[in-house]
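Enquirer: Quick one: structure below, then a few questions.
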Amino acid sequence: MRNPFDRPEKFPERGDDDVISLYAAIGAILTHWEIAENSFAHLFGTFVSPTKLSFPAERAYGSVQSARGRKDFILSAAEVFFRNFPEQETVPKEHRLEKQLTKLMTDYDKAGSRRNEFAHGIVAGHVWEGRHDFTGYYLGPSFWNTNKRGVHFEPAYIYNADQINSYRQKFGDLTSRAFELQRRIQEHFAAAPEEPRKRH
């Protein structure tokens with residue numbers, strides 16, 4: 001089953017007639033990604049301090065440069081949180097917070113890969129061997145990018161503005177899921193027995 005943050009299965013047949021629509025789409029999607037990152041900073045802070053926002057925790061989270069490192073921060077904090085405040089065995093596995101966190105962080109990882117493509121690509125005509133004709137402007141990898149270009153300059157990805165814009169709602173959904181999980185974690189903590197909460 002395809003993840004919503006996987007690349008499109010096919011390259012678009014047409015690009016954009018001008019670069020402005022692409023620049024606008026790129027700016028908007030990167031802003032939506034930063035909003036999503038903000039929600040994950042709050043999620044990390046909640047695992048560290050479930051009763052109130054912890055600015056020191058969020059500052060520490062924000063000092064980590066890579067998305068993988070921030071993901072590991074969240075999962076490490078969650079591991080200790082759920083050790084101290086385990087979920088009831090009667091809760092079905094698919095409804096458990098740990099299960100939902102695992103799925104959320106998998107999607108965060110995939111979404112981060114798309115974000116990197118949007119942030120580090122270039123807007124150009126993007127022709128290559130096998131597709132010589134100019135069909136509009138796209139966002140694609142730099143021509144020197146060995147990891148994203150084949151030996152005949154074929155790109156690993158190209159996006160037109162419509163495709164980039166389609167990820168905005170997906171990034172928004174990711175943000176909403178992170179905030180909803182944060183809320184449920186706070187509720188779970190509040191319902192825990194008094195003694196473990198005192199030790200926390």
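In the structure tokens, chains take the letters A, B, ... in the order shown, each chain's residues start at 1, and ligands count up from 1 in the order shown.
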Please provide the set of residues having any atom within 12 Å of range 18-21 of chain A, restricted to only C-alpha atoms, with same-chain residues fewer than 5 positions apart removed, written as a VMD selection string.
Expert: chain A and resid 26 to 28 122 to 125 135 to 139 159 to 165
Enquirer: Excluding range 37-54 of chain A and any residue of its chain fewer than 4 positions from it, enumerate the residues within 10 Å of it, using only C-alpha atoms, and give them as a PyMOL selection string.
Expert: chain A and resi 31-33+58-62+67+70-71+73-82+105+108+112+171+174-183+185-190+197+200
Enquirer: Just to confirm, what's the straight-line distance from CA of Gly150 in chain A to CA of Lys110 in chain A in Å (one decimal)?
Expert: 22.1 Å
Enquirer: Tell me which of A:His120, A:Ile35, A:Glu87, A:Asp16 sits closest to Arg168 in chain A, counting only C-alpha atoms.
Expert: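 So, comparing all the options, the nearest one is A:Ile35.
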Enquirer: So that I can check the secondary structure, give me every residue of range 106-192 of chain A assigned strand (DSSP E) by backbone DSSP, as a PyMOL selection string.
Expert: chain A and resi 122-124+138-140
Enquirer: List every residue of range 56-134 of chain A that DSSP, applied to the backbone, labels as helix (DSSP H, G or I), and write the result as a PyMOL selection string.
Expert: chain A and resi 56-62+67-84+93-95+97-120
Enquirer: Please produce a file of those selected residues containing C-alpha atoms, as an mmCIF file, in the first residue's frame.
Expert:
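In the end it all went to result-v7.cif:
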```
data_model
loop_
_atom_site.group_PDB
_atom_site.id
_atom_site.type_symbol
_atom_site.label_atom_id
_atom_site.label_comp_id
_atom_site.auth_asym_id
_atom_site.auth_seq_id
_atom_site.Cartn_x
_atom_site.Cartn_y
_atom_site.Cartn_z
ATOM 1 C CA PRO A 56 13.762 24.137 27.239
ATOM 2 C CA ALA A 57 12.704 20.775 25.778
ATOM 3 C CA GLU A 58 11.516 22.376 22.551
ATOM 4 C CA ARG A 59 14.720 24.416 22.327
ATOM 5 C CA ALA A 60 16.728 21.208 22.687
ATOM 6 C CA TYR A 61 14.605 19.568 19.992
ATOM 7 C CA GLY A 62 15.145 22.544 17.694
ATOM 8 C CA ALA A 67 14.982 15.205 10.607
ATOM 9 C CA ARG A 68 16.231 11.710 11.480
ATOM 10 C CA GLY A 69 17.816 13.056 14.662
ATOM 11 C CA ARG A 70 14.596 14.840 15.648
ATOM 12 C CA LYS A 71 12.639 11.663 14.960
ATOM 13 C CA ASP A 72 15.006 9.716 17.229
ATOM 14 C CA PHE A 73 14.577 12.381 19.920
ATOM 15 C CA ILE A 74 10.811 11.876 19.898
ATOM 16 C CA LEU A 75 10.968 8.080 19.847
ATOM 17 C CA SER A 76 13.539 7.960 22.662
ATOM 18 C CA ALA A 77 11.457 10.261 24.863
ATOM 19 C CA ALA A 78 8.306 8.272 24.031
ATOM 20 C CA GLU A 79 10.001 4.990 24.936
ATOM 21 C CA VAL A 80 10.618 6.173 28.493
ATOM 22 C CA PHE A 81 7.190 7.835 28.748
ATOM 23 C CA PHE A 82 5.347 4.634 27.819
ATOM 24 C CA ARG A 83 7.588 2.594 30.135
ATOM 25 C CA ASN A 84 6.513 4.838 33.005
ATOM 26 C CA LYS A 93 -3.461 -2.486 19.485
ATOM 27 C CA GLU A 94 -4.610 -0.333 16.570
ATOM 28 C CA HIS A 95 -5.898 2.306 19.035
ATOM 29 C CA LEU A 97 -0.881 5.622 21.380
ATOM 30 C CA GLU A 98 2.413 3.848 20.749
ATOM 31 C CA LYS A 99 1.036 2.301 17.555
ATOM 32 C CA GLN A 100 -0.242 5.661 16.356
ATOM 33 C CA LEU A 101 3.080 7.295 17.183
ATOM 34 C CA THR A 102 4.950 4.685 15.122
ATOM 35 C CA LYS A 103 2.709 5.355 12.110
ATOM 36 C CA LEU A 104 2.974 9.114 12.575
ATOM 37 C CA MET A 105 6.769 9.013 12.713
ATOM 38 C CA THR A 106 6.927 6.784 9.622
ATOM 39 C CA ASP A 107 4.878 9.388 7.763
ATOM 40 C CA TYR A 108 7.040 12.181 9.201
ATOM 41 C CA ASP A 109 10.098 10.424 7.802
ATOM 42 C CA LYS A 110 8.535 10.083 4.339
ATOM 43 C CA ALA A 111 7.222 13.645 4.379
ATOM 44 C CA GLY A 112 10.691 14.884 5.307
ATOM 45 C CA SER A 113 12.109 13.231 2.185
ATOM 46 C CA ARG A 114 9.599 15.116 0.023
ATOM 47 C CA ARG A 115 10.380 18.345 1.889
ATOM 48 C CA ASN A 116 14.071 17.925 1.081
ATOM 49 C CA GLU A 117 13.269 17.545 -2.607
ATOM 50 C CA PHE A 118 11.168 20.702 -2.555
ATOM 51 C CA ALA A 119 13.839 22.613 -0.634
ATOM 52 C CA HIS A 120 16.907 21.481 -2.588
#
```
Enquirer: Report the distance between CA of Val151 in chain A and CA of Gly15 in chain A in Å, rounded to one decimal place.
Expert: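 Interatomic distance, CA of Val151 in chain A to CA of Gly15 in chain A: 22.8 Å.
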